[in-house]
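Engineer: This is the content of coords.txt (compact mmCIF, C-alpha atoms and all ligand atoms):
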# COMPACT_ATOMS: atom_id res chain seq x y z
CA MET A 64 116.90 125.46 119.56
CA GLU A 65 119.56 123.40 121.39
CA ILE A 66 122.14 121.50 119.41
CA PHE A 67 124.07 118.69 121.10
CA VAL A 68 127.19 117.62 119.23
CA VAL A 69 128.55 114.21 120.21
CA PRO A 70 131.50 112.16 118.96
CA THR A 71 129.68 109.18 117.41
CA ALA A 72 126.36 107.95 116.06
CA SER A 73 125.90 105.62 119.02
CA ALA A 74 126.41 108.63 121.30
CA THR A 75 123.56 110.46 119.55
CA GLY A 76 121.34 107.54 120.50
CA SER A 77 122.49 107.66 124.13
CA VAL A 78 121.95 111.42 124.48
CA ALA A 79 118.53 111.30 122.80
CA ALA A 80 117.52 108.30 124.90
CA GLY A 81 118.48 110.18 128.06
CA ILE A 82 116.23 113.05 127.04
CA LEU A 83 113.32 110.69 126.35
CA ALA A 84 113.84 108.78 129.61
CA ALA A 85 113.62 112.05 131.54
CA VAL A 86 110.40 113.00 129.71
CA ILE A 87 108.82 109.61 130.45
CA ARG A 88 109.83 109.71 134.12
CA SER A 89 108.10 113.09 134.39
CA LYS A 90 105.09 111.99 132.29
CA PRO A 91 104.62 108.19 132.33
CA ASP A 92 101.86 108.33 129.72
CA ALA A 93 103.87 110.54 127.38
CA VAL A 94 102.90 110.47 123.71
CA LEU A 95 105.96 109.82 121.54
CA GLY A 96 106.25 110.35 117.79
CA LEU A 97 108.16 107.33 116.52
CA ALA A 98 110.56 107.77 113.58
CA THR A 99 112.01 104.96 111.50
CA GLY A 100 115.08 104.88 109.26
CA GLY A 101 118.63 104.29 110.50
CA SER A 102 119.21 107.38 112.63
CA PRO A 103 116.61 106.73 115.34
CA LEU A 104 117.48 103.05 115.87
CA PRO A 105 120.35 103.80 118.34
CA ILE A 106 117.85 105.82 120.39
CA TYR A 107 115.52 102.88 120.90
CA ARG A 108 118.41 100.53 121.65
CA ALA A 109 119.85 102.97 124.22
CA LEU A 110 116.43 103.66 125.75
CA ALA A 111 116.01 99.93 126.38
CA ASP A 112 118.95 100.19 128.81
CA HIS A 113 117.15 102.78 130.94
CA THR A 114 115.13 101.57 133.94
CA VAL A 115 111.99 103.48 133.09
CA ASP A 116 108.45 102.07 133.01
CA MET A 117 107.24 102.36 129.43
CA SER A 118 103.92 100.54 129.93
CA ALA A 119 101.78 103.70 129.82
CA VAL A 120 103.70 105.37 126.99
CA ARG A 121 101.75 105.94 123.79
CA GLY A 122 103.31 106.07 120.36
CA PHE A 123 102.40 107.33 116.89
CA ALA A 124 104.59 106.40 113.93
CA LEU A 125 105.75 109.25 111.75
CA ASP A 126 104.88 107.60 108.46
CA GLU A 127 104.15 104.33 106.65
CA TYR A 128 104.45 102.96 103.13
CA VAL A 129 101.25 102.50 101.09
CA GLY A 130 100.62 99.15 99.46
CA LEU A 131 102.87 96.78 101.35
CA PRO A 132 101.02 93.66 102.48
CA ALA A 133 100.16 93.66 106.18
CA GLY A 134 103.04 92.07 108.07
CA HIS A 135 105.67 92.92 105.44
CA PRO A 136 108.97 93.05 107.40
CA GLU A 137 109.84 96.48 105.99
CA SER A 138 106.47 98.05 106.60
CA TYR A 139 106.93 100.68 109.28
CA ALA A 140 104.27 98.90 111.32
CA GLU A 141 106.61 95.91 111.51
CA VAL A 142 109.74 98.03 111.98
CA VAL A 143 108.07 99.89 114.88
CA ARG A 144 106.82 96.61 116.35
CA ARG A 145 110.35 95.08 116.28
CA GLU A 146 112.49 98.10 117.11
CA VAL A 147 110.23 100.03 119.49
CA THR A 148 107.17 98.22 120.87
CA GLU A 149 108.82 94.90 121.65
CA ARG A 150 112.26 96.29 122.48
CA LEU A 151 110.86 98.87 124.93
CA HIS A 152 107.97 96.74 126.20
CA LEU A 153 105.34 99.21 125.12
CA ASP A 154 101.69 98.20 125.20
CA PRO A 155 100.96 97.31 121.54
CA ALA A 156 97.45 98.71 122.00
CA LYS A 157 99.03 102.11 122.69
CA VAL A 158 101.16 102.19 119.52
CA THR A 159 99.52 103.43 116.31
CA VAL A 160 100.84 103.40 112.75
CA PRO A 161 99.10 104.84 109.68
CA ASP A 162 97.13 102.14 107.87
CA GLY A 163 99.19 101.71 104.70
CA SER A 164 97.00 98.84 103.50
CA ALA A 165 93.70 100.74 103.81
CA ALA A 166 91.34 100.59 100.84
CA ASP A 167 91.11 104.40 101.09
CA PRO A 168 94.58 105.60 102.17
CA GLU A 169 93.60 109.27 101.99
CA ARG A 170 90.81 108.62 104.48
CA ALA A 171 93.20 106.61 106.63
CA ALA A 172 95.59 109.57 106.59
CA ALA A 173 92.91 112.01 107.71
CA ASP A 174 91.78 109.62 110.43
CA TYR A 175 95.40 109.34 111.61
CA ASP A 176 95.78 113.09 111.95
CA ALA A 177 92.57 113.15 114.00
CA ALA A 178 93.78 110.26 116.18
CA ILE A 179 96.91 112.21 117.12
CA ALA A 180 94.78 115.20 118.11
CA ALA A 181 92.39 112.94 120.05
CA ALA A 182 95.37 111.62 122.04
CA GLY A 183 96.16 115.18 123.11
CA GLY A 184 98.95 115.69 120.61
CA ILE A 185 102.54 114.44 120.67
CA ASP A 186 104.85 115.32 123.56
CA VAL A 187 108.13 114.49 121.82
CA GLN A 188 108.39 113.81 118.09
CA ILE A 189 111.54 111.89 117.19
CA LEU A 190 112.82 112.87 113.73
CA GLY A 191 115.51 111.97 111.23
CA ILE A 192 116.25 113.99 108.09
CA GLY A 193 116.39 112.78 104.53
CA HIS A 194 119.29 113.63 102.20
CA ASN A 195 116.95 115.97 100.32
CA GLY A 196 115.79 117.64 103.51
CA HIS A 197 112.60 115.62 103.92
CA LEU A 198 111.01 115.19 107.33
CA ALA A 199 109.02 111.99 107.67
CA PHE A 200 108.05 111.57 104.01
CA ASN A 201 107.38 115.26 103.42
CA GLU A 202 109.41 115.62 100.24
CA PRO A 203 110.71 118.96 98.89
CA GLY A 204 107.77 121.08 97.78
CA SER A 205 105.53 119.89 100.64
CA ALA A 206 103.37 122.69 102.03
CA LEU A 207 104.81 123.91 105.32
CA ASP A 208 101.34 123.62 106.89
CA SER A 209 100.52 120.23 105.35
CA ARG A 210 98.56 117.62 107.26
CA THR A 211 98.85 113.83 107.37
CA ARG A 212 98.27 112.67 103.81
CA VAL A 213 99.26 110.31 101.03
CA GLU A 214 102.50 111.37 99.33
CA VAL A 215 104.50 110.14 96.33
CA LEU A 216 108.10 109.30 97.17
CA THR A 217 110.89 110.85 95.12
CA GLU A 218 113.23 108.47 93.34
CA ARG A 219 116.06 109.73 95.59
CA THR A 220 114.10 108.72 98.67
CA ARG A 221 113.15 105.35 97.18
CA GLU A 222 116.83 104.72 96.32
CA ALA A 223 117.88 105.68 99.86
CA ASN A 224 115.33 103.29 101.35
CA ALA A 225 116.03 100.48 98.87
CA ARG A 226 118.73 99.21 101.24
CA TYR A 227 115.98 97.69 103.34
CA PHE A 228 114.32 95.85 100.43
CA SER A 229 115.44 92.91 98.28
CA ALA A 230 115.17 95.01 95.09
CA PRO A 231 114.81 98.75 94.41
CA SER A 232 111.60 98.05 92.55
CA ASP A 233 110.15 96.64 95.78
CA VAL A 234 110.22 100.06 97.45
CA PRO A 235 106.66 101.44 97.41
CA ALA A 236 106.00 104.57 95.38
CA ARG A 237 103.57 106.07 97.88
CA CYS A 238 103.28 106.58 101.61
CA ILE A 239 101.16 108.07 104.34
CA THR A 240 103.11 110.73 106.19
CA GLN A 241 102.42 113.07 109.05
CA GLY A 242 102.35 116.52 107.47
CA LEU A 243 104.75 119.32 108.34
CA GLY A 244 101.87 121.14 110.03
CA THR A 245 101.08 118.00 111.99
CA ILE A 246 104.71 117.57 113.03
CA MET A 247 104.97 121.22 114.06
CA GLU A 248 102.09 120.72 116.54
CA ALA A 249 104.22 118.35 118.60
CA ARG A 250 105.32 120.04 121.80
CA HIS A 251 108.98 119.05 121.42
CA LEU A 252 110.91 117.99 118.30
CA LEU A 253 113.96 115.75 118.77
CA LEU A 254 116.04 115.51 115.59
CA VAL A 255 118.86 112.96 115.41
CA VAL A 256 121.41 113.19 112.59
CA ASN A 257 124.50 111.13 111.93
CA GLY A 258 127.19 111.09 109.25
CA ALA A 259 129.05 113.46 106.97
CA ASP A 260 126.54 112.76 104.19
CA LYS A 261 123.93 114.69 106.20
CA ALA A 262 126.19 117.68 107.07
CA GLY A 263 125.15 119.81 104.10
CA ILE A 264 121.43 119.23 104.42
CA LEU A 265 121.50 119.76 108.19
CA ALA A 266 123.27 123.10 107.73
CA ALA A 267 120.72 124.08 105.06
CA ALA A 268 117.84 123.07 107.32
CA LEU A 269 119.08 124.93 110.40
CA ASN A 270 120.93 127.88 108.92
CA GLY A 271 119.38 128.37 105.48
CA PRO A 272 116.09 129.95 104.47
CA VAL A 273 112.82 128.44 105.67
CA THR A 274 111.49 127.01 102.44
CA ALA A 275 109.34 124.15 101.19
CA GLU A 276 112.31 123.12 99.06
CA CYS A 277 114.00 122.04 102.29
CA PRO A 278 111.11 120.78 104.44
CA ALA A 279 113.34 120.32 107.51
CA SER A 280 113.96 124.09 107.52
CA ILE A 281 110.52 124.40 109.15
CA LEU A 282 112.28 123.35 112.37
CA GLN A 283 113.57 126.92 112.66
CA ARG A 284 109.99 128.03 113.39
CA HIS A 285 109.30 125.56 116.23
CA PRO A 286 109.62 126.80 119.84
CA HIS A 287 111.27 123.68 121.26
CA VAL A 288 113.71 121.79 119.06
CA THR A 289 116.56 119.60 120.24
CA VAL A 290 119.09 118.49 117.64
CA VAL A 291 121.50 115.68 118.50
CA ALA A 292 124.18 115.24 115.87
CA ASP A 293 127.48 113.48 115.65
CA GLU A 294 130.55 115.54 114.79
CA ALA A 295 130.45 114.52 111.13
CA ALA A 296 126.84 115.63 110.66
CA ALA A 297 127.44 118.86 112.59
CA SER A 298 130.62 119.74 110.71
CA GLN A 299 129.00 122.48 108.59
CA LEU A 300 126.83 124.03 111.32
CA ALA A 301 127.31 127.61 112.41
CA PRO A 302 124.76 128.25 115.19
CA GLY A 303 122.39 130.99 114.17
CA SER A 304 120.30 133.24 116.36
CA GLY A 305 118.40 131.32 119.00
CA GLN A 306 120.54 128.25 118.51
CA VAL A 307 122.71 127.04 121.37
CA ALA A 308 125.42 124.51 120.59
CA VAL A 309 126.41 122.20 123.44
CA ARG A 310 129.56 120.09 123.43
CA VAL A 311 128.98 116.65 124.88
CA ALA A 312 131.56 114.11 126.01
CA GLY A 313 134.55 115.81 124.51
CA ALA A 314 132.91 116.45 121.18
CA ALA A 315 134.33 119.13 118.96
CA ALA A 316 132.60 122.46 119.35
CA VAL A 317 130.28 123.47 116.56
CA ALA A 318 132.29 125.66 114.22
C1 LIG B 401 112.94 107.78 105.61
C2 LIG B 401 112.00 108.07 106.79
C3 LIG B 401 112.37 109.36 107.47
C4 LIG B 401 113.86 109.34 107.82
C5 LIG B 401 114.65 109.22 106.54
C6 LIG B 401 116.16 109.25 106.81
O1 LIG B 401 112.62 108.58 104.54
N1 LIG B 401 110.62 108.16 106.35
O2 LIG B 401 111.58 109.48 108.67
O3 LIG B 401 114.22 110.53 108.51
O4 LIG B 401 114.31 107.96 105.91
O5 LIG B 401 116.53 107.98 107.28
P1 LIG B 401 117.99 107.69 107.86
O6 LIG B 401 117.94 108.14 109.30
O7 LIG B 401 118.19 106.21 107.73
O8 LIG B 401 118.97 108.49 107.05
Step by step, read the file and then write its structure as structure tokens.
Structural biologist:
Amino acid sequence: MEIFVVPTASATGSVAAGILAAVIRSKPDAVLGLATGGSPLPIYRALADHTVDMSAVRGFALDEYVGLPAGHPESYAEVVRREVTERLHLDPAKVTVPDGSAADPERAAADYDAAIAAAGGIDVQILGIGHNGHLAFNEPGSALDSRTRVEVLTERTREANARYFSAPSDVPARCITQGLGTIMEARHLLLVVNGADKAGILAAALNGPVTAECPASILQRHPHVTVVADEAAASQLAPGSGQVAVRVAGAAAVA
């Protein structure tokens, strides 16, 4: 596991974008796992500044709410369309998001898992981390080998995501999320974390026990994980075995 510590949140986006640009130059039809939330946005904005042909790149969103009307501005389908597909000039036909408005969301979830496999799996899965250690919408207690499925969101997660909606009650109660087992099949995991409010949970995920109570701790079992964190988020990290901390652009060393 390599941990890049950078001075600011925008720098995490630049470093992660540089990694993705290199992957795409080496594999123009790379399959990217597309995360939403605030942490990945600087990645997409920085990647747009790279002169790399994205037309053959394929993308699979990490998760989606269940029950939002098609076209809802805060559906992840719309967030991915705005922030990724259009910004990076991806081919919309090559970008797939779980069908949160399906009549049978469980079936849609199973079909999504199969679609990822049919595409040959994900080359680089971009990830954020929730305050309670969730990855995608795998909340605490999620089976470490879980597959893409319908999940119920915790109130803490709904409150954290309410900032994107006009009222907390508008945040859906359910979602379709790639499972932890699905995520772990990606060939490379790229976790981006910003802010002091994530320092404790990042330390628990990377240095604590591997447990379903902190779903992100599963990262310790993946063979190729890159963590890009700003100094505030990395402030409680103490690299464990197999973890290499890299200072970037004058960033403070990991303690
Ligand atoms: C949501 C998303 C996750 C994301 C998390 C943290 O729950 N489903 O994929 O990691 O929010 O978002 P942020 O990066 O804004 O803290």
Engineer: Residues up to 6 Å from ligand LIG 401 (chain B), counting only C-alpha atoms and all ligand atoms: could you list those as a count of residues only?
Structural biologist: 12
Engineer: With all atoms listed in the file counted and 10 Å as the cut-off, give the residues of region 104-170 of chain A in contact with region 234-253 of chain A, each with its shortest interatomic distance in Å and the pair that gives it, as CSV.
Structural biologist:
residue,atom,partner,partner_atom,distance
A:Phe123,CA,A:Gln241,CA,9.7
A:Ala124,CA,A:Gln241,CA,8.5
A:Leu125,CA,A:Gln241,CA,5.7
A:Asp126,CA,A:Thr240,CA,4.3
A:Glu127,CA,A:Ile239,CA,5.3
A:Tyr128,CA,A:Cys238,CA,4.1
A:Val129,CA,A:Cys238,CA,4.6
A:Gly130,CA,A:Pro235,CA,6.8
A:Leu131,CA,A:Pro235,CA,7.2
A:Glu137,CA,A:Val234,CA,9.3
A:Ser138,CA,A:Pro235,CA,9.8
A:Val160,CA,A:Ile239,CA,9.6
A:Pro161,CA,A:Ile239,CA,6.6
A:Asp162,CA,A:Ile239,CA,8.0
A:Gly163,CA,A:Ile239,CA,6.7
A:Pro168,CA,A:Ile239,CA,7.4
A:Glu169,CA,A:Ile239,CA,8.0
Engineer: Just to be explicit: take each residue in the selection above, keep C-alpha atoms, and write the result as a short mmCIF file (atom, residue, chain, number, x, y, z; two decimals), in the frame of the given file.
Structural biologist:
data_model
loop_
_atom_site.label_atom_id
_atom_site.label_comp_id
_atom_site.auth_asym_id
_atom_site.auth_seq_id
_atom_site.Cartn_x
_atom_site.Cartn_y
_atom_site.Cartn_z
CA PHE A 123 102.40 107.33 116.89
CA ALA A 124 104.59 106.40 113.93
CA LEU A 125 105.75 109.25 111.75
CA ASP A 126 104.88 107.60 108.46
CA GLU A 127 104.15 104.33 106.65
CA TYR A 128 104.45 102.96 103.13
CA VAL A 129 101.25 102.50 101.09
CA GLY A 130 100.62 99.15 99.46
CA LEU A 131 102.87 96.78 101.35
CA GLU A 137 109.84 96.48 105.99
CA SER A 138 106.47 98.05 106.60
CA VAL A 160 100.84 103.40 112.75
CA PRO A 161 99.10 104.84 109.68
CA ASP A 162 97.13 102.14 107.87
CA GLY A 163 99.19 101.71 104.70
CA PRO A 168 94.58 105.60 102.17
CA GLU A 169 93.60 109.27 101.99
#
Engineer: What gap, in Å, lies between CA of Val273 (chain A) and CA of Leu83 (chain A)?
Structural biologist: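 Computing the Euclidean distance for CA of Val273 (chain A) and CA of Leu83 (chain A) yields 27.3 Å.
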Engineer: Report, in Å to a single decimal, how far apart CA of Thr159 (chain A) and CA of Asp174 (chain A) are.
Structural biologist: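 Spanning CA of Asp174 (chain A) to CA of Thr159 (chain A) is a straight-line distance of 11.5 Å.
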Engineer: My list of candidates is A:Pro103, A:Ala178, A:Glu202, A:His135. Which is closest to Val256 (chain A) when distances are computed with all atoms listed in the file?
Structural biologist: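 Residue with the minimum atom-to-atom distance to Val256 (chain A): A:Pro103.
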Engineer: In terms of the shortest atom-to-atom distance over only C-alpha atoms, which of A:Thr217, A:Ser118, A:Gln283, A:Glu294 is closest to Thr71 (chain A)?
Structural biologist: A:Glu294
Engineer: So the first atom is CA of Ile281 (chain A) and the second is CA of Leu269 (chain A); what is the distance between them in Å, to one decimal place?
Structural biologist: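 Separating CA of Ile281 (chain A) from CA of Leu269 (chain A) is a distance of 8.7 Å.
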Engineer: Skipping near chain neighbours, those fewer than 4 positions away, what residues fall within 10 Å of region 64-69 of chain A using only C-alpha atoms, listed as a PyMOL selection string?
Structural biologist: chain A and resi 73-79+252-257+269+282-298+300+302-317
Engineer: Neighbours of region 142-157 of chain A within 8 Å (all atoms listed in the file; same-chain residues fewer than 2 positions away dropped), as a list in words?
Structural biologist: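 The residues satisfying every condition are Leu97, Thr99, Leu104, Tyr107, Arg108, Leu110, Ala111, Met117, Ser118, Ala119, Val120, Arg121, Gly122, Ala124, Pro136, Glu137, Ser138, Tyr139, Ala140 and Thr159 of chain A.
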Engineer: May I have the residues at most 6 Å from (107.0, 114.3, 119.7) in the file's coordinates, counting all atoms listed in the file, as a count of residues only?
Structural biologist: 10
Engineer: Kindly compute an axis-aligned box around the listed atoms of region 104-117 of chain A, allowing 4 Å on each side, and express its centre and edge lengths in Å to one decimal as JSON.
Structural biologist:
{"center_x": 113.8, "center_y": 102.9, "center_z": 124.9, "size_x": 21.1, "size_y": 13.9, "size_z": 26.1}
Engineer: Using all atoms listed in the file, pick whichever of A:Ala266, A:Val115, A:Ala109, A:Ala230 has the shortest atom-to-atom distance to Pro91 (chain A).
Structural biologist: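 Among A:Ala266, A:Val115, A:Ala109, A:Ala230, it is A:Val115 that comes nearest to Pro91 (chain A).
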